[in-house]
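Q: Quick one, structure08.cif (mmCIF, C-alpha atoms):
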data_final
loop_
_atom_site.label_atom_id
_atom_site.label_comp_id
_atom_site.auth_asym_id
_atom_site.auth_seq_id
_atom_site.Cartn_x
_atom_site.Cartn_y
_atom_site.Cartn_z
CA MET N 1 87.05 92.25 123.18
CA ALA N 2 87.33 91.37 126.85
CA LEU N 3 88.64 93.31 129.82
CA VAL N 4 91.54 92.27 132.02
CA LYS N 5 91.12 92.93 135.75
CA PHE N 6 94.28 93.98 137.58
CA LYS N 7 95.42 92.50 140.84
CA PRO N 8 95.05 95.03 143.70
CA THR N 9 98.78 95.57 144.21
CA SER N 10 98.23 99.32 144.70
CA PRO N 11 95.28 101.71 145.11
CA GLY N 12 95.59 102.65 141.44
CA ARG N 13 95.37 99.03 140.29
CA ARG N 14 92.58 97.96 142.64
CA PHE N 15 89.68 99.19 140.54
CA GLY N 16 91.43 99.54 137.18
CA ASN N 17 91.06 97.30 134.15
CA ALA N 18 92.27 97.28 130.58
CA ALA N 19 91.38 95.78 127.21
CA ASN N 20 93.10 92.51 126.37
CA PHE N 21 93.29 93.50 122.67
CA SER N 22 92.49 89.93 121.65
CA GLU N 23 90.91 91.11 118.38
CA ILE N 24 93.99 93.12 117.33
CA THR N 25 95.97 91.31 114.63
CA SER N 26 98.64 93.93 113.85
CA ASP N 27 100.36 96.46 116.12
CA THR N 28 102.09 98.38 113.30
CA PRO N 29 100.01 100.89 111.30
CA HIS N 30 100.23 101.17 107.52
CA LYS N 31 102.53 104.21 107.31
CA PRO N 32 101.18 105.71 104.02
CA LEU N 33 97.74 105.95 105.63
CA THR N 34 98.97 107.93 108.65
CA LYS N 35 100.12 111.49 109.19
CA ALA N 36 101.77 113.42 112.01
CA LEU N 37 99.47 114.72 114.73
CA ARG N 38 100.89 117.80 116.41
CA LYS N 39 100.07 118.67 120.01
CA LYS N 40 97.89 121.74 120.47
CA GLY N 41 97.34 121.68 124.23
CA GLY N 42 93.85 123.14 123.85
CA ARG N 43 95.17 126.29 122.12
CA ASN N 44 93.83 127.80 118.91
CA SER N 45 95.81 129.42 116.10
CA HIS N 46 96.24 132.59 118.21
CA GLY N 47 97.71 130.68 121.14
CA HIS N 48 94.63 131.25 123.30
CA MET N 49 93.38 128.36 125.42
CA THR N 50 89.96 127.40 124.08
CA ALA N 51 89.75 123.88 125.56
CA ARG N 52 90.78 123.58 129.17
CA ARG N 53 92.46 120.59 130.84
CA ARG N 54 94.22 119.36 127.70
CA GLY N 55 97.92 118.82 127.23
CA GLN N 56 100.83 116.42 126.91
CA GLY N 57 99.86 112.76 126.64
CA HIS N 58 101.40 110.01 124.57
CA ARG N 59 102.61 110.73 121.06
CA ARG N 60 100.20 109.68 118.29
CA ARG N 61 99.96 109.43 114.53
CA TYR N 62 96.61 110.11 112.91
CA ARG N 63 95.08 107.26 110.89
CA LEU N 64 93.41 108.39 107.66
CA VAL N 65 90.11 106.52 107.93
CA ASP N 66 87.91 106.30 104.82
CA PHE N 67 84.47 107.43 106.02
CA ARG N 68 83.06 107.85 102.51
CA ARG N 69 83.96 104.40 101.12
CA SER N 70 83.32 105.82 97.64
CA ARG N 71 84.76 102.85 95.71
CA LEU N 72 81.42 101.33 94.78
CA ASN N 73 80.98 97.68 93.83
CA ALA N 74 84.69 97.00 94.46
CA PRO N 75 85.11 94.21 97.05
CA ALA N 76 87.99 94.54 99.49
CA THR N 77 89.68 91.98 101.72
CA VAL N 78 90.36 92.64 105.39
CA LEU N 79 94.12 92.46 106.02
CA SER N 80 94.22 93.32 109.72
CA ILE N 81 92.28 94.68 112.69
CA GLU N 82 94.22 97.50 114.38
CA TYR N 83 94.12 99.77 117.41
CA ASP N 84 93.56 103.46 116.74
CA PRO N 85 94.69 105.83 119.53
CA ASN N 86 92.50 108.60 118.12
CA ARG N 87 89.13 106.83 118.52
CA THR N 88 87.51 104.26 120.78
CA ALA N 89 86.46 101.84 118.02
CA ARG N 90 88.90 99.53 116.24
CA ILE N 91 89.84 100.10 112.61
CA ALA N 92 90.38 97.58 109.83
CA LEU N 93 92.96 97.74 107.03
CA VAL N 94 91.37 96.56 103.78
CA GLN N 95 92.87 96.00 100.34
CA TYR N 96 91.05 96.26 97.00
CA ALA N 97 91.69 94.09 93.96
CA ASP N 98 93.98 96.71 92.38
CA GLY N 99 96.20 96.78 95.47
CA GLN N 100 94.91 100.04 96.98
CA LYS N 101 94.61 99.97 100.76
CA SER N 102 92.43 101.99 103.12
CA TYR N 103 91.29 102.10 106.72
CA ILE N 104 87.63 101.65 107.68
CA VAL N 105 85.88 101.68 111.05
CA SER N 106 85.68 98.02 112.04
CA PRO N 107 82.28 96.57 112.93
CA ASP N 108 82.02 94.04 115.73
CA GLY N 109 82.94 90.52 114.63
CA LEU N 110 84.89 91.48 111.49
CA LYS N 111 87.61 88.90 110.76
CA VAL N 112 90.84 88.92 108.76
CA GLY N 113 90.26 87.51 105.29
CA GLN N 114 86.61 88.56 105.19
CA ASN N 115 85.39 90.49 102.15
CA VAL N 116 83.60 93.84 102.52
CA ALA N 117 82.05 95.99 99.82
CA SER N 118 80.37 99.32 99.28
CA GLY N 119 77.54 100.16 96.94
CA PRO N 120 73.80 99.70 96.35
CA ASP N 121 74.28 96.15 95.03
CA SER N 122 76.26 94.90 98.04
CA GLU N 123 74.90 92.18 100.30
CA VAL N 124 73.29 93.12 103.60
CA GLN N 125 76.03 91.71 105.83
CA SER N 126 78.26 93.09 108.57
CA GLY N 127 80.89 95.49 107.27
CA ASN N 128 79.21 96.33 103.96
CA HIS N 129 78.36 99.96 103.17
CA LEU N 130 74.95 100.51 101.57
CA PRO N 131 72.44 103.34 101.05
CA LEU N 132 69.63 103.36 103.59
CA ARG N 133 67.24 102.74 100.70
CA LYS N 134 68.67 99.22 100.30
CA ILE N 135 68.85 98.31 104.01
CA PRO N 136 65.81 96.50 105.49
CA GLU N 137 63.94 98.04 108.40
CA GLY N 138 65.11 96.89 111.82
CA THR N 139 68.70 96.35 110.68
CA PRO N 140 71.43 97.58 113.09
CA VAL N 141 73.74 100.08 111.40
CA HIS N 142 76.60 102.42 112.23
CA ASN N 143 78.89 104.87 110.39
CA ILE N 144 75.91 106.82 109.00
CA GLU N 145 76.07 109.77 106.62
CA LEU N 146 74.14 112.82 107.77
CA ARG N 147 73.93 114.08 104.19
CA PRO N 148 74.46 111.91 101.10
CA GLY N 149 78.01 111.95 99.77
CA LEU N 150 79.65 113.85 102.64
CA GLY N 151 81.00 110.81 104.49
CA ALA N 152 79.86 109.17 107.69
CA LYS N 153 79.32 111.54 110.64
CA LEU N 154 77.05 109.60 113.02
CA VAL N 155 77.44 106.47 115.19
CA ARG N 156 81.20 105.97 114.95
CA ALA N 157 82.17 105.43 118.62
CA ALA N 158 82.94 102.08 120.24
CA GLY N 159 79.89 99.85 120.65
CA ALA N 160 77.57 102.42 119.06
CA VAL N 161 74.66 101.17 117.00
CA ALA N 162 71.59 102.72 115.39
CA GLN N 163 68.42 101.14 114.05
CA ILE N 164 66.28 101.85 111.01
CA LEU N 165 62.72 102.08 112.31
CA SER N 166 60.78 102.87 109.14
CA LYS N 167 60.94 104.54 105.74
CA GLU N 168 58.66 107.31 104.54
CA GLN N 169 58.91 108.97 101.12
CA ASP N 170 62.57 110.01 100.70
CA TYR N 171 63.60 109.66 104.36
CA ALA N 172 64.28 106.92 106.88
CA HIS N 173 63.44 107.14 110.58
CA VAL N 174 66.69 106.21 112.32
CA LYS N 175 66.94 105.72 116.08
CA LEU N 176 70.37 106.92 117.24
CA PRO N 177 72.26 105.69 120.34
CA SER N 178 71.14 108.78 122.28
CA GLY N 179 67.50 107.78 121.83
CA GLU N 180 66.87 110.53 119.28
CA VAL N 181 64.84 109.55 116.22
CA ARG N 182 66.00 111.46 113.19
CA LEU N 183 65.06 111.70 109.53
CA ILE N 184 67.96 110.80 107.23
CA HIS N 185 67.75 110.76 103.43
CA LEU N 186 67.46 107.31 101.87
CA ASP N 187 70.43 108.03 99.58
CA ALA N 188 72.74 108.44 102.59
CA TYR N 189 75.03 105.48 103.21
CA ALA N 190 75.45 103.43 106.38
CA THR N 191 77.48 100.38 107.40
CA ILE N 192 75.78 97.18 108.51
CA GLY N 193 76.44 96.01 112.08
CA GLN N 194 77.54 97.43 115.41
CA CYS N 195 80.77 99.32 116.04
CA SER N 196 83.61 97.25 117.45
CA ASN N 197 85.09 97.38 120.99
CA ILE N 198 81.75 96.97 122.75
CA ASP N 199 83.30 96.62 126.23
CA ASN N 200 84.82 100.10 126.07
CA GLU N 201 81.97 101.48 128.21
CA ASN N 202 83.13 99.23 131.08
CA LEU N 203 86.72 100.49 130.99
CA MET N 204 88.02 101.86 134.33
CA LEU N 205 91.25 103.83 134.25
CA GLY N 206 91.88 103.26 137.96
CA LYS N 207 94.37 106.08 138.44
CA ALA N 208 94.97 109.66 137.34
CA GLY N 209 98.15 108.72 135.51
CA ARG N 210 96.27 106.80 132.82
CA ALA N 211 94.19 109.91 132.14
CA ARG N 212 97.42 111.92 131.76
CA TRP N 213 98.67 109.41 129.17
CA ARG N 214 95.59 110.31 127.14
CA GLY N 215 96.28 114.04 127.37
CA ARG N 216 93.73 114.85 130.07
CA ARG N 217 95.01 117.22 132.74
CA PRO N 218 93.53 117.61 136.25
CA ALA N 219 90.31 119.53 136.85
CA SER N 220 89.64 121.64 139.96
CA ARG N 221 86.08 121.99 141.21
CA GLY N 222 84.56 125.44 141.07
CA ILE N 223 83.47 125.41 144.73
CA ALA N 224 87.07 124.71 145.75
CA LYS N 225 88.26 128.01 144.24
CA ASN N 226 88.22 131.59 145.44
CA PRO N 227 85.44 134.01 144.40
CA VAL N 228 87.88 135.90 142.20
CA ASP N 229 88.50 132.75 140.15
CA HIS N 230 85.02 131.22 139.91
CA PRO N 231 81.39 132.29 140.53
CA MET N 232 80.87 129.24 142.75
CA GLY N 233 83.98 129.84 144.84
CA GLY N 234 84.38 131.16 148.36
CA GLY N 235 82.43 130.60 151.55
CA GLU N 236 83.38 129.31 154.98
CA GLY N 237 83.83 125.54 154.87
CA LYS N 238 81.91 123.49 152.37
CA SER N 239 79.12 125.35 150.62
CA LYS N 240 76.90 125.02 147.59
CA GLY N 241 78.65 127.99 146.03
CA GLY N 242 75.67 130.36 146.18
CA ASN N 243 75.02 129.99 142.45
CA HIS N 244 73.64 127.46 140.07
CA PRO N 245 76.35 125.17 138.59
CA GLN N 246 78.11 127.18 135.92
CA SER N 247 81.39 127.71 134.15
CA PRO N 248 83.96 130.34 135.26
CA TRP N 249 82.37 132.71 132.73
CA GLY N 250 78.77 132.21 133.85
CA GLN N 251 77.52 129.65 131.32
CA LYS N 252 74.95 127.47 133.12
CA ALA N 253 76.05 123.83 133.32
CA LYS N 254 72.83 121.95 134.08
CA GLY N 255 69.62 122.20 132.09
CA LEU N 256 70.43 125.22 129.93
CA LYS N 257 69.33 124.59 126.35
CA THR N 258 72.04 125.81 123.99
CA ARG N 259 70.55 124.63 120.70
CA LYS N 260 69.17 127.40 118.47
CA LEU N 261 65.38 127.47 118.46
CA ARG N 262 65.23 128.05 114.70
CA LYS N 263 68.06 125.76 113.65
CA PHE N 264 67.58 124.47 110.11
CA SER N 265 67.92 120.80 111.05
CA ASN N 266 65.22 120.93 113.76
CA LYS N 267 62.65 119.69 111.24
CA PHE N 268 64.59 116.44 110.81
CA ILE N 269 64.31 115.50 114.50
CA VAL N 270 61.23 113.33 115.01
CA LYS N 271 61.86 112.55 118.70
CA ASP N 272 64.14 114.58 120.92
CA ARG N 273 66.73 112.59 122.89
CA ARG N 274 65.75 114.36 126.15
CA LYS N 275 62.11 113.28 126.04
#
Have the structure of the file written as structure tokens, please.
A:
Amino acid sequence: MALVKFKPTSPGRRFGNAANFSEITSDTPHKPLTKALRKKGGRNSHGHMTARRRGQGHRRRYRLVDFRRSRLNAPATVLSIEYDPNRTARIALVQYADGQKSYIVSPDGLKVGQNVASGPDSEVQSGNHLPLRKIPEGTPVHNIELRPGLGAKLVRAAGAVAQILSKEQDYAHVKLPSGEVRLIHLDAYATIGQCSNIDNENLMLGKAGRARWRGRRPASRGIAKNPVDHPMGGGEGKSKGGNHPQSPWGQKAKGLKTRKLRKFSNKFIVKDRRK
């Protein structure tokens, strides 16, 4: 994927850019593998706002992506590479020999007509889904299962890639994009290669309107509010707010550790991402 730079015909276009979608081969999703996605506007089932600054945005349909890829030793052919409005990476529509179709997260460089497979006997090539036990050390992977059989949970965003550092007993040392080194069971599956849409990190919206299309509403700074509305509000002229950076309800925003000290999965973290 490459980015297209806009001509500076307006302040909003001066610094903005957009993907050229050169890798996209179909602009129509496979309807049976989609479902309606209703707007929630940041509200929960009681109607209370639990996620601020969300609302409106372009209408979407959710793509049912197969994160488990449980059809083992059944090769599938890539029919198309498609855009998914619900994630930053591209998705690929694949078809198995019996005619069944499914969506998978597309690795970088996947082409139409290429064959991909899942299972312990699959080749170690981009797009194939194998258990960590069968993947050589040093191989770049994405779409990783946190627990065997539950489907991929880790490294699914655009351009994300992890690396298998070593294997010890029943676990592999996997370095995640955050820098964290984590123990993952060797029976957990992962996909070979790097996630597609690598240039997504260089995307510049350029104007507030493009954020609104994505369902992101404006955000007011705490120090710009009144004391009744925010702990950091008030003061004559510009001020630091008189408090450490925090949310309207007092939750510290910088440096506060929110992870439980005795969380069960702590023992699987070999190297913390903050160190």
Q: Taking (87.1, 99.4, 99.8) in the file's own coordinates, collect the residues within 7 Å, counting only C-alpha atoms, and hand them back as a list in words.
A: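 Those residues, ordered by chain and then number, are Arg69, Arg71, Ala74, Pro75, Ala76, Val94, Gln95, Tyr96, Ser102, Ala117 and Ser118 of chain N.
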Q: Taking only C-alpha atoms into account, name the residue in N:Lys263, N:Lys175, N:Arg53, N:His129 that is nearest to N:Ser220.
A: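 Answer, going by the shortest atom-to-atom distance: N:Arg53.
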Q: Given the file shown, determine the residues that the PyMOL selection byres ((chain N and resi 132) around 8) selects; report them as a ChimeraX atom specification.
A: /N:130-131,133-135,172,185-190
Q: Give me the residues within 9 Å of N:Pro107 as a VMD selection string, counting only C-alpha atoms and dropping any in the same chain fewer than 2 places off.
A: chain N and resid 89 to 92 105 109 to 110 126 to 127 142 159 191 to 197
Q: Which distance in Å separates atom CA of N:Val112 and atom CA of N:Ser26, to one decimal?
A: 10.6 Å
Q: Quick one: pull the distance between atom CA of N:Asp229 and atom CA of N:Gly42, Å, one decimal.
A: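 Separation of atom CA of N:Asp229 and atom CA of N:Gly42: 19.7 Å.
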Q: Here is a test: counting all atoms listed in the file, which residue of N:Lys267, N:His244, N:Arg54, N:Arg262 is nearest to N:Gly41?
A: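 Checking each candidate against N:Gly41, we get N:Arg54 as the closest.
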Q: Just the number, please: distance in Å from atom CA of N:Trp249 to atom CA of N:His48, one decimal.
A: 15.5 Å
Q: I want to know what sits within 12 Å of N:Pro85, based on only C-alpha atoms, with residues of the same chain fewer than 5 positions away left out; could you give that as an mmCIF file with C-alpha atoms, in the frame of the given file?
A:
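The new file result.cif reads:
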data_model
loop_
_atom_site.group_PDB
_atom_site.id
_atom_site.type_symbol
_atom_site.label_atom_id
_atom_site.label_comp_id
_atom_site.auth_asym_id
_atom_site.auth_seq_id
_atom_site.Cartn_x
_atom_site.Cartn_y
_atom_site.Cartn_z
ATOM 1 C CA ASP N 27 100.360 96.460 116.120
ATOM 2 C CA PRO N 29 100.010 100.890 111.300
ATOM 3 C CA THR N 34 98.970 107.930 108.650
ATOM 4 C CA LEU N 37 99.470 114.720 114.730
ATOM 5 C CA GLY N 57 99.860 112.760 126.640
ATOM 6 C CA HIS N 58 101.400 110.010 124.570
ATOM 7 C CA ARG N 59 102.610 110.730 121.060
ATOM 8 C CA ARG N 60 100.200 109.680 118.290
ATOM 9 C CA ARG N 61 99.960 109.430 114.530
ATOM 10 C CA TYR N 62 96.610 110.110 112.910
ATOM 11 C CA ARG N 63 95.080 107.260 110.890
ATOM 12 C CA ARG N 90 88.900 99.530 116.240
ATOM 13 C CA ILE N 91 89.840 100.100 112.610
ATOM 14 C CA TRP N 213 98.670 109.410 129.170
ATOM 15 C CA ARG N 214 95.590 110.310 127.140
ATOM 16 C CA GLY N 215 96.280 114.040 127.370
#
Q: From the set N:Arg212, N:Arg68, N:Lys5, N:Arg217, which residue has the shortest atom-to-atom contact distance to N:Arg147, counting only C-alpha atoms?
A: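 Nearest to N:Arg147: N:Arg68.
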Q: Which centre and edge lengths in Å to one decimal define the box along x, y and z that fits every listed atom of stretch 143-147 of chain N plus 5 Å per side, as AutoDock Vina command-line options?
A:
--center_x 76.4 --center_y 109.5 --center_z 107.3 --size_x 15.0 --size_y 19.2 --size_z 16.2
